[in-house]
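Chemist: Structure in structure tokens, see below.
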There are 2 protein chains.
Amino acid sequence: MSRRSGRDPSHHVVVVGIGFGGLEVTHRLGRADANGGLRITAIDRSNHHLFQPLLYQAATASLAPSEIAWPIRSLLRDYGNVTTLLGDVVGVDRERNAVLLADGDAIPFDTLILATGAGHAYFGHDEWEAYAPGLKTLDDATGIRGKILTAFEKAERTADEAEREALLTFAVIGGGPTGVEVAGMIAELAHETLRPDFRDFDTRKARVILIEAGPRILSGFREDLSTYARTALVNRSVEVMLGEPVSNCTADGVQVGDRFIPARTIVWAAGVSASPAAQWLDAPADRAGRVQVQPDLTVPDRPNIFVIGDTATLAMPDGTPVPGIAPAAKQEGRYVAEVIEARLRGQPAPGPFRYKDSGSLATIGKRAAVVDFRRFSFTGWFAWWLWGIVHIYFLIGLRHRLKVILSWLWIYFTGQRSARLITKADATRGGKPG
Amino acid sequence: MSRRSGRDPSHHVVVVGIGFGGLEVTHRLGRADANGGLRITAIDRSNHHLFQPLLYQAATASLAPSEIAWPIRSLLRDYGNVTTLLGDVVGVDRERNAVLLADGDAIPFDTLILATGAGHAYFGHDEWEAYAPGLKTLDDATGIRGKILTAFEKAERTADEAEREALLTFAVIGGGPTGVEVAGMIAELAHETLRPDFRDFDTRKARVILIEAGPRILSGFREDLSTYARTALVNRSVEVMLGEPVSNCTADGVQVGDRFIPARTIVWAAGVSASPAAQWLDAPADRAGRVQVQPDLTVPDRPNIFVIGDTATLAMPDGTPVPGIAPAAKQEGRYVAEVIEARLRGQPAPGPFRYKDSGSLATIGKRAAVVDFRRFSFTGWFAWWLWGIVHIYFLIGLRHRLKVILSWLWIYFTGQRSARLITKADATRGGKPG
């Protein structure tokens, strides 16, 4: 609450992007600044921090958007030295050390942390995005939710069998955790939640197809866990297609090898491309656009500019890159805060960033999940409960936890999902197609 | 779950619009049809039933959209003789006895019930809608929520004092319950919820102005209750302007008499106009477009077409019209179900519809509400708690009740609102204006 107008803090840190990495570094620096030598500006183009690991649940009507999002301003309210700005960063002026906003403003910094995340990559086929939306924002999620629910509504209205089949075919492209989770959830929606609600057709006839170009799904997990996940999906009537990439997406469906699959709903979970941060900085980047950072997460020759999370890439000692997941982004945020604090105190910098792998989890559907703690791993109902507990634990605040627990228990015991709303204006006027 | 394809029910009732009236009549007819002589089709252009009395709380970030909405299909799932359709009705073919959908379909009926509600009336100034949106749908609510929250975000970004004042001026037009509730809530948001979250200005400087053309707010309530409500609003720093109509709304603000009030956020709660049902039927209507129905709620000379809720108008024995509120719509729905059942059984029709006034409630803000039970009335904290309990009671289902209770208790004890999200794409890219 205290106005800072009277102060003239010596060091201004600008954090762009308040995802897991950006939030962590801002929290750490906000807390560290007991003596007031630091001023922090947190910029994001949306007003909320999003718990992306559960975004697929918002896209499949299991959770409400507000159950997985928090106003950034409210998360940072307790730090008197942090200013939150809603703004769209479009560039970095490296001469003047300032970030450039879409509305023409320039915000000068002493230290810059870019944590702008990633978008969808369509491998040179950006025209596919119109037919195969990806899942990164709350608007993406409510849009996909509307598309899925509208497909069932339209299926109830059509008399054309081929059209109905296309409406009831859901193609999910990409066999990583998001693709697996979305496919499993759509199957649950079709085969359980919606089953008693429709009259003219059996929602269990819906086909959910998971398409993965590589030889197995969940390729970041151990091979036996991939096999388990595939079996669990097949048991839930999800068709899993492996080894062939998608070669086209249209309004009518998706082309995989020489097969064309008529499908009115396509979800893209196949590729990410980093935000344009590398272009802003004219920094070396990998094929997906991630900035190749130094071992201390700075940009080469720019010790006052850090890049973290999905926007950066860094090889671990074994040569593999630090994975693009929430725990990695958080660890990077924490590390950058330590580097900045050490610099301000005139202390030697900590050693290079080391990623501590805490394992990975993915859920397939009710009572089916995989947990890979590297030293040991497990699957099935215990993994599923553990997955739920871990995700509740990482939610921020008691209210969000209580609400998500309530939503999940409700789904568990009744099969009914709380957020089955078609709210996007373009989806509501859904007359019968064709 | 049973497919009805083998049956050929004798009487087909079509209900258009599943608000309070449409839902009630469908429930009653669905339950009544133990013997299977009746087939019901429920059509709505959105997939959810909305608890409109709490819509203003979604517009002011207190409740999430999914906490006040239910999938219609799911509400009606237990009636084997009810088919739910998502469809946009655009007309009635009175020769063929069929409703016409936007996509060209025609749905024949034996009996038709039009419960299509009302929209906003701008008294011949439809161009005002762009600047002064009304509050009827979930999309309206999330749009207004985004506008209010974006105004504060922009205020934090601007250096122009006049611009900031305009951003922090919220004009609510119309002093009925919705206008009073919206104004009270924006004041609470500005003066309590958002206060600790902003750095560069004091959110308590925000001006909330309630503009009512008539001599008092809450004109449907007793005069002493109006006076109480006005005092309670003024105590909450809401400016109440009485006795002068708005003569213009622009992107810059609102003109009231000879005063122009610069305001970036304007909410329209002044007038409703009925859905175009009267035009579909070529039936007599009042100035707001409401169909003037017979004492049995049918359209003159069309005994098989009923119009109920906000779409209809009917004078009570004392000459005043049945009010356009949820309890009246529900009573009408119940009555129409009785008439239809009596007809199908060959029994004499029940007497004319009689509205039973169960009183009215409106809330102004924390611990301030008015309750008018006609025989007695009260105000203050007890009215406020009663208001809350009554609204929880009328929500459908335990889950919604638990979630709303949780949201409200949280706001009560922490002042923090759960749904402070800017999600509309047009609002997110909110750079600094001007």
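Identifiers in the structure tokens: chain A, B, ... in order shown; residue index from 1 per chain; ligand index from 1 in order shown.
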Based on only C-alpha atoms, which of the residues in chain A come within 7 Å of chain B? I want them as a ChimeraX atom specification.
Modeler: /A:1,3,45-48,64,66,71,73-74,77,83,86-88,102-103,138-139,153,196-197,199-200,403,418-423,428-432
Chemist: Can you check which residues of stretch 262-332 of chain B DSSP gives as strand (DSSP E or B) on the backbone and send them as a list in words?
Modeler: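 Matching residues for strand (DSSP E or B) in stretch 262-332 of chain B are Pro262, Thr265, Ile266, Val267, Trp268, Val272, Ser273, Ala274, Ala285, Val291, Gln292, Thr298, Val299, Arg302, Pro303, Asn304, Ile305, Phe306, Val307, Ala312, Thr313, Ala315 and Pro321 of chain B.
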Chemist: Only N, CA, C and O atoms, please: the residues just picked out, written as a tab-separated table (two decimals), in the first residue's frame.
Modeler:
chain	number	residue	atom	x	y	z
B	262	PRO	N	-17.31	12.35	-17.89
B	262	PRO	CA	-16.33	11.49	-18.55
B	262	PRO	C	-16.25	10.15	-17.80
B	262	PRO	O	-15.99	10.13	-16.59
B	265	THR	N	-16.19	3.42	-18.34
B	265	THR	CA	-17.01	2.23	-18.13
B	265	THR	C	-18.44	2.64	-17.84
B	265	THR	O	-18.68	3.37	-16.87
B	266	ILE	N	-19.35	2.20	-18.68
B	266	ILE	CA	-20.76	2.49	-18.48
B	266	ILE	C	-21.50	1.16	-18.51
B	266	ILE	O	-21.26	0.32	-19.37
B	267	VAL	N	-22.37	0.95	-17.54
B	267	VAL	CA	-23.16	-0.27	-17.52
B	267	VAL	C	-24.63	0.11	-17.66
B	267	VAL	O	-25.11	1.03	-16.98
B	268	TRP	N	-25.33	-0.55	-18.56
B	268	TRP	CA	-26.71	-0.24	-18.85
B	268	TRP	C	-27.64	-1.16	-18.08
B	268	TRP	O	-27.63	-2.37	-18.30
B	272	VAL	N	-35.50	-2.80	-20.45
B	272	VAL	CA	-35.51	-4.07	-21.15
B	272	VAL	C	-36.54	-4.01	-22.27
B	272	VAL	O	-37.52	-3.29	-22.18
B	273	SER	N	-36.26	-4.73	-23.33
B	273	SER	CA	-37.26	-4.90	-24.37
B	273	SER	C	-37.44	-6.39	-24.56
B	273	SER	O	-36.47	-7.15	-24.52
B	274	ALA	N	-38.67	-6.80	-24.71
B	274	ALA	CA	-38.95	-8.23	-24.83
B	274	ALA	C	-38.31	-8.77	-26.09
B	274	ALA	O	-37.96	-8.04	-27.01
B	285	ALA	N	-48.88	-6.13	-28.50
B	285	ALA	CA	-47.76	-6.02	-27.56
B	285	ALA	C	-47.78	-4.66	-26.90
B	285	ALA	O	-48.37	-3.71	-27.41
B	291	VAL	N	-45.75	-9.43	-25.26
B	291	VAL	CA	-47.01	-9.91	-25.81
B	291	VAL	C	-48.12	-9.74	-24.77
B	291	VAL	O	-47.98	-10.19	-23.62
B	292	GLN	N	-49.23	-9.11	-25.19
B	292	GLN	CA	-50.36	-8.97	-24.27
B	292	GLN	C	-51.17	-10.25	-24.28
B	292	GLN	O	-51.93	-10.52	-25.21
B	298	THR	N	-52.39	-17.46	-22.84
B	298	THR	CA	-52.31	-17.77	-24.27
B	298	THR	C	-52.36	-16.46	-25.07
B	298	THR	O	-52.71	-15.40	-24.55
B	299	VAL	N	-52.00	-16.61	-26.34
B	299	VAL	CA	-52.06	-15.48	-27.26
B	299	VAL	C	-53.50	-15.39	-27.78
B	299	VAL	O	-54.12	-16.43	-28.04
B	302	ARG	N	-55.12	-17.85	-30.27
B	302	ARG	CA	-54.16	-18.95	-30.46
B	302	ARG	C	-54.08	-19.76	-29.18
B	302	ARG	O	-53.10	-19.68	-28.43
B	303	PRO	N	-55.10	-20.52	-28.89
B	303	PRO	CA	-55.13	-21.21	-27.59
B	303	PRO	C	-54.00	-22.21	-27.40
B	303	PRO	O	-53.75	-22.64	-26.27
B	304	ASN	N	-53.30	-22.58	-28.48
B	304	ASN	CA	-52.19	-23.53	-28.30
B	304	ASN	C	-50.83	-22.84	-28.21
B	304	ASN	O	-49.80	-23.49	-28.25
B	305	ILE	N	-50.83	-21.50	-28.12
B	305	ILE	CA	-49.56	-20.78	-27.98
B	305	ILE	C	-49.59	-19.96	-26.69
B	305	ILE	O	-50.42	-19.07	-26.52
B	306	PHE	N	-48.68	-20.29	-25.78
B	306	PHE	CA	-48.55	-19.57	-24.51
B	306	PHE	C	-47.30	-18.67	-24.57
B	306	PHE	O	-46.31	-19.03	-25.20
B	307	VAL	N	-47.38	-17.54	-23.91
B	307	VAL	CA	-46.19	-16.70	-23.77
B	307	VAL	C	-46.06	-16.38	-22.28
B	307	VAL	O	-47.03	-15.96	-21.63
B	312	ALA	N	-43.95	-11.73	-21.89
B	312	ALA	CA	-45.39	-11.48	-21.84
B	312	ALA	C	-45.73	-10.33	-20.91
B	312	ALA	O	-44.92	-9.96	-20.04
B	313	THR	N	-46.89	-9.75	-21.09
B	313	THR	CA	-47.40	-8.81	-20.10
B	313	THR	C	-48.86	-9.11	-19.84
B	313	THR	O	-49.62	-9.47	-20.75
B	315	ALA	N	-52.10	-7.81	-17.06
B	315	ALA	CA	-52.50	-6.94	-15.97
B	315	ALA	C	-53.08	-7.77	-14.84
B	315	ALA	O	-53.85	-8.71	-15.06
B	321	PRO	N	-49.14	-4.42	-13.95
B	321	PRO	CA	-48.72	-5.64	-14.63
B	321	PRO	C	-48.00	-6.61	-13.68
B	321	PRO	O	-47.39	-6.18	-12.69
Chemist: Counting only C-alpha atoms, which residue out of B:Pro177, B:Gly21, B:Gly271, B:Gly91 sits closest to B:Leu225?
Modeler: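 Comparing B:Pro177, B:Gly21, B:Gly271, B:Gly91 against B:Leu225, the winner is B:Pro177.
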Chemist: Find the residues around A:Asp93 up to 10 Å (only C-alpha atoms counted), leave out those fewer than 2 positions away in its own chain, and share them as a PyMOL selection string.
Modeler: chain A and resi 91+95-100+106-108+280-281
Chemist: Report the distance between atom CA of B:Ala368 and atom CA of B:Leu55 in Å, rounded to one decimal place.
Modeler: 18.5 Å
Chemist: Using only C-alpha atoms, determine which residues lie at most 10 Å from A:Pro276, disregarding the query and same-chain residues fewer than 5 positions distant; provide the list as a list in words.
Modeler: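 That gives Val90, Gly91, Thr116, Gly117, Ala118, Gly119, Leu281, Asp282, Gly289, Arg290, Val291 and Thr311 of chain A.
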Chemist: How about saving the chosen residues, N, CA and C atoms kept, as a compact mmCIF listing (two decimals), in the first residue's frame?
Modeler:
# COMPACT_ATOMS: atom_id res chain seq x y z
N VAL A 90 6.62 -6.05 -26.85
CA VAL A 90 6.85 -6.39 -28.26
C VAL A 90 8.32 -6.29 -28.66
N GLY A 91 9.18 -5.90 -27.73
CA GLY A 91 10.58 -5.81 -28.10
C GLY A 91 11.44 -5.35 -26.93
N THR A 116 8.69 -15.36 -21.00
CA THR A 116 7.48 -15.13 -21.80
C THR A 116 6.85 -16.40 -22.34
N GLY A 117 7.41 -17.57 -21.96
CA GLY A 117 6.76 -18.82 -22.29
C GLY A 117 6.83 -19.19 -23.75
N ALA A 118 5.86 -19.99 -24.16
CA ALA A 118 5.87 -20.53 -25.52
C ALA A 118 4.48 -20.48 -26.10
N GLY A 119 4.41 -20.51 -27.40
CA GLY A 119 3.11 -20.62 -28.09
C GLY A 119 3.06 -21.94 -28.83
N LEU A 281 16.14 -10.00 -28.73
CA LEU A 281 17.49 -9.87 -28.21
C LEU A 281 18.54 -10.10 -29.29
N ASP A 282 18.12 -10.57 -30.46
CA ASP A 282 19.05 -10.98 -31.50
C ASP A 282 20.04 -12.00 -30.91
N GLY A 289 13.01 -21.75 -31.40
CA GLY A 289 13.06 -20.33 -31.07
C GLY A 289 13.50 -20.05 -29.64
N ARG A 290 13.91 -21.08 -28.90
CA ARG A 290 14.32 -20.85 -27.51
C ARG A 290 15.71 -20.23 -27.48
N VAL A 291 15.88 -19.26 -26.61
CA VAL A 291 17.16 -18.58 -26.49
C VAL A 291 18.18 -19.53 -25.85
N THR A 311 11.03 -20.17 -22.63
CA THR A 311 11.63 -19.25 -23.60
C THR A 311 13.12 -19.53 -23.79
Chemist: Would you please extract all alpha helix (DSSP H) residues from stretch 20-258 of chain A, as assigned by DSSP on the backbone, and give them as a VMD selection string?
Modeler: chain A and resid 20 to 32 55 to 59 72 to 75 138 to 157 161 to 167 177 to 188 223 to 235
Chemist: I'd like the interatomic distance between atom CA of B:Pro352 and atom CA of B:Val14, to a tenth of an Å.
Modeler: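 These two atoms are separated by 21.9 Å.
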Chemist: Would you list the contacts of stretch 353-360 of chain B as a ChimeraX atom specification, taking every protein, DNA or RNA residue within 8 Å and counting only C-alpha atoms, but skipping same-chain residues closer than 2 positions in sequence?
Modeler: /B:221,295-297,316,322,327-328,331-332,335,351,362,371-374
Chemist: Write the residues you've just listed into a file as a PDB file, in the first residue's frame, and include N, CA and C atoms for each of them.
Modeler:
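Below you can see part37.pdb, which holds the result:
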ATOM      1  N   PHE B 221     -40.003  -0.881  -4.923  1.00  0.00           N
ATOM      2  CA  PHE B 221     -40.043  -1.115  -3.484  1.00  0.00           C
ATOM      3  C   PHE B 221     -40.769   0.038  -2.791  1.00  0.00           C
ATOM      4  N   PRO B 295     -55.886 -13.994 -19.972  1.00  0.00           N
ATOM      5  CA  PRO B 295     -55.744 -14.379 -18.555  1.00  0.00           C
ATOM      6  C   PRO B 295     -55.206 -15.803 -18.365  1.00  0.00           C
ATOM      7  N   ASP B 296     -55.321 -16.661 -19.389  1.00  0.00           N
ATOM      8  CA  ASP B 296     -54.727 -18.004 -19.257  1.00  0.00           C
ATOM      9  C   ASP B 296     -53.344 -18.073 -19.911  1.00  0.00           C
ATOM     10  N   LEU B 297     -52.751 -16.914 -20.181  1.00  0.00           N
ATOM     11  CA  LEU B 297     -51.393 -16.780 -20.717  1.00  0.00           C
ATOM     12  C   LEU B 297     -51.264 -17.247 -22.165  1.00  0.00           C
ATOM     13  N   MET B 316     -52.711  -7.425 -13.615  1.00  0.00           N
ATOM     14  CA  MET B 316     -53.311  -8.062 -12.446  1.00  0.00           C
ATOM     15  C   MET B 316     -54.646  -7.374 -12.178  1.00  0.00           C
ATOM     16  N   VAL B 322     -48.098  -7.892 -13.978  1.00  0.00           N
ATOM     17  CA  VAL B 322     -47.286  -8.896 -13.282  1.00  0.00           C
ATOM     18  C   VAL B 322     -45.820  -8.499 -13.477  1.00  0.00           C
ATOM     19  N   PRO B 327     -39.708 -15.110  -9.758  1.00  0.00           N
ATOM     20  CA  PRO B 327     -40.835 -15.842  -9.167  1.00  0.00           C
ATOM     21  C   PRO B 327     -42.091 -15.782 -10.041  1.00  0.00           C
ATOM     22  N   ALA B 328     -42.322 -14.634 -10.697  1.00  0.00           N
ATOM     23  CA  ALA B 328     -43.490 -14.516 -11.566  1.00  0.00           C
ATOM     24  C   ALA B 328     -43.365 -15.474 -12.753  1.00  0.00           C
ATOM     25  N   GLN B 331     -44.041 -19.001 -11.585  1.00  0.00           N
ATOM     26  CA  GLN B 331     -45.469 -19.240 -11.343  1.00  0.00           C
ATOM     27  C   GLN B 331     -46.207 -19.412 -12.671  1.00  0.00           C
ATOM     28  N   GLU B 332     -45.835 -18.615 -13.657  1.00  0.00           N
ATOM     29  CA  GLU B 332     -46.480 -18.729 -14.963  1.00  0.00           C
ATOM     30  C   GLU B 332     -46.176 -20.080 -15.609  1.00  0.00           C
ATOM     31  N   TYR B 335     -48.289 -22.673 -13.951  1.00  0.00           N
ATOM     32  CA  TYR B 335     -49.681 -22.524 -14.371  1.00  0.00           C
ATOM     33  C   TYR B 335     -49.903 -23.117 -15.763  1.00  0.00           C
ATOM     34  N   GLY B 351     -58.752 -21.873 -13.404  1.00  0.00           N
ATOM     35  CA  GLY B 351     -59.131 -20.456 -13.569  1.00  0.00           C
ATOM     36  C   GLY B 351     -57.984 -19.647 -14.156  1.00  0.00           C
ATOM     37  N   ALA B 362     -33.422  -6.875  -2.585  1.00  0.00           N
ATOM     38  CA  ALA B 362     -32.293  -6.338  -3.343  1.00  0.00           C
ATOM     39  C   ALA B 362     -31.170  -6.068  -2.367  1.00  0.00           C
ATOM     40  N   VAL B 371     -35.493  -5.931   2.065  1.00  0.00           N
ATOM     41  CA  VAL B 371     -36.407  -7.048   1.878  1.00  0.00           C
ATOM     42  C   VAL B 371     -37.808  -6.498   2.076  1.00  0.00           C
ATOM     43  N   ASP B 372     -38.663  -6.706   1.082  1.00  0.00           N
ATOM     44  CA  ASP B 372     -40.017  -6.161   1.151  1.00  0.00           C
ATOM     45  C   ASP B 372     -41.010  -7.313   1.009  1.00  0.00           C
ATOM     46  N   PHE B 373     -41.547  -7.764   2.152  1.00  0.00           N
ATOM     47  CA  PHE B 373     -42.539  -8.841   2.132  1.00  0.00           C
ATOM     48  C   PHE B 373     -43.955  -8.273   2.116  1.00  0.00           C
ATOM     49  N   ARG B 374     -44.100  -7.014   1.725  1.00  0.00           N
ATOM     50  CA  ARG B 374     -45.393  -6.322   1.654  1.00  0.00           C
ATOM     51  C   ARG B 374     -46.007  -6.106   3.043  1.00  0.00           C
TER      52      ARG B 374
END
Chemist: Return the single residue from A:Val172, A:Leu314, A:Ala190, A:Val180 that is closest to A:Ile209, with distances computed using only C-alpha atoms.
Modeler: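 Smallest separation from A:Ile209 among the options: A:Val172.
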Chemist: Skipping near chain neighbours, those fewer than 2 positions away, what residues fall within 9 Å of B:Tyr56 using only C-alpha atoms, listed as an NGL selection string?
Modeler: :B and (52-54 or 58-63 or 135 or 141 or 178-179 or 181-182 or 185)
Chemist: Find the residue from A:Ile144, A:Glu163, A:Trp384, A:Leu210 that sits nearest to A:Gly184; use only C-alpha atoms when measuring.
Modeler: A:Leu210
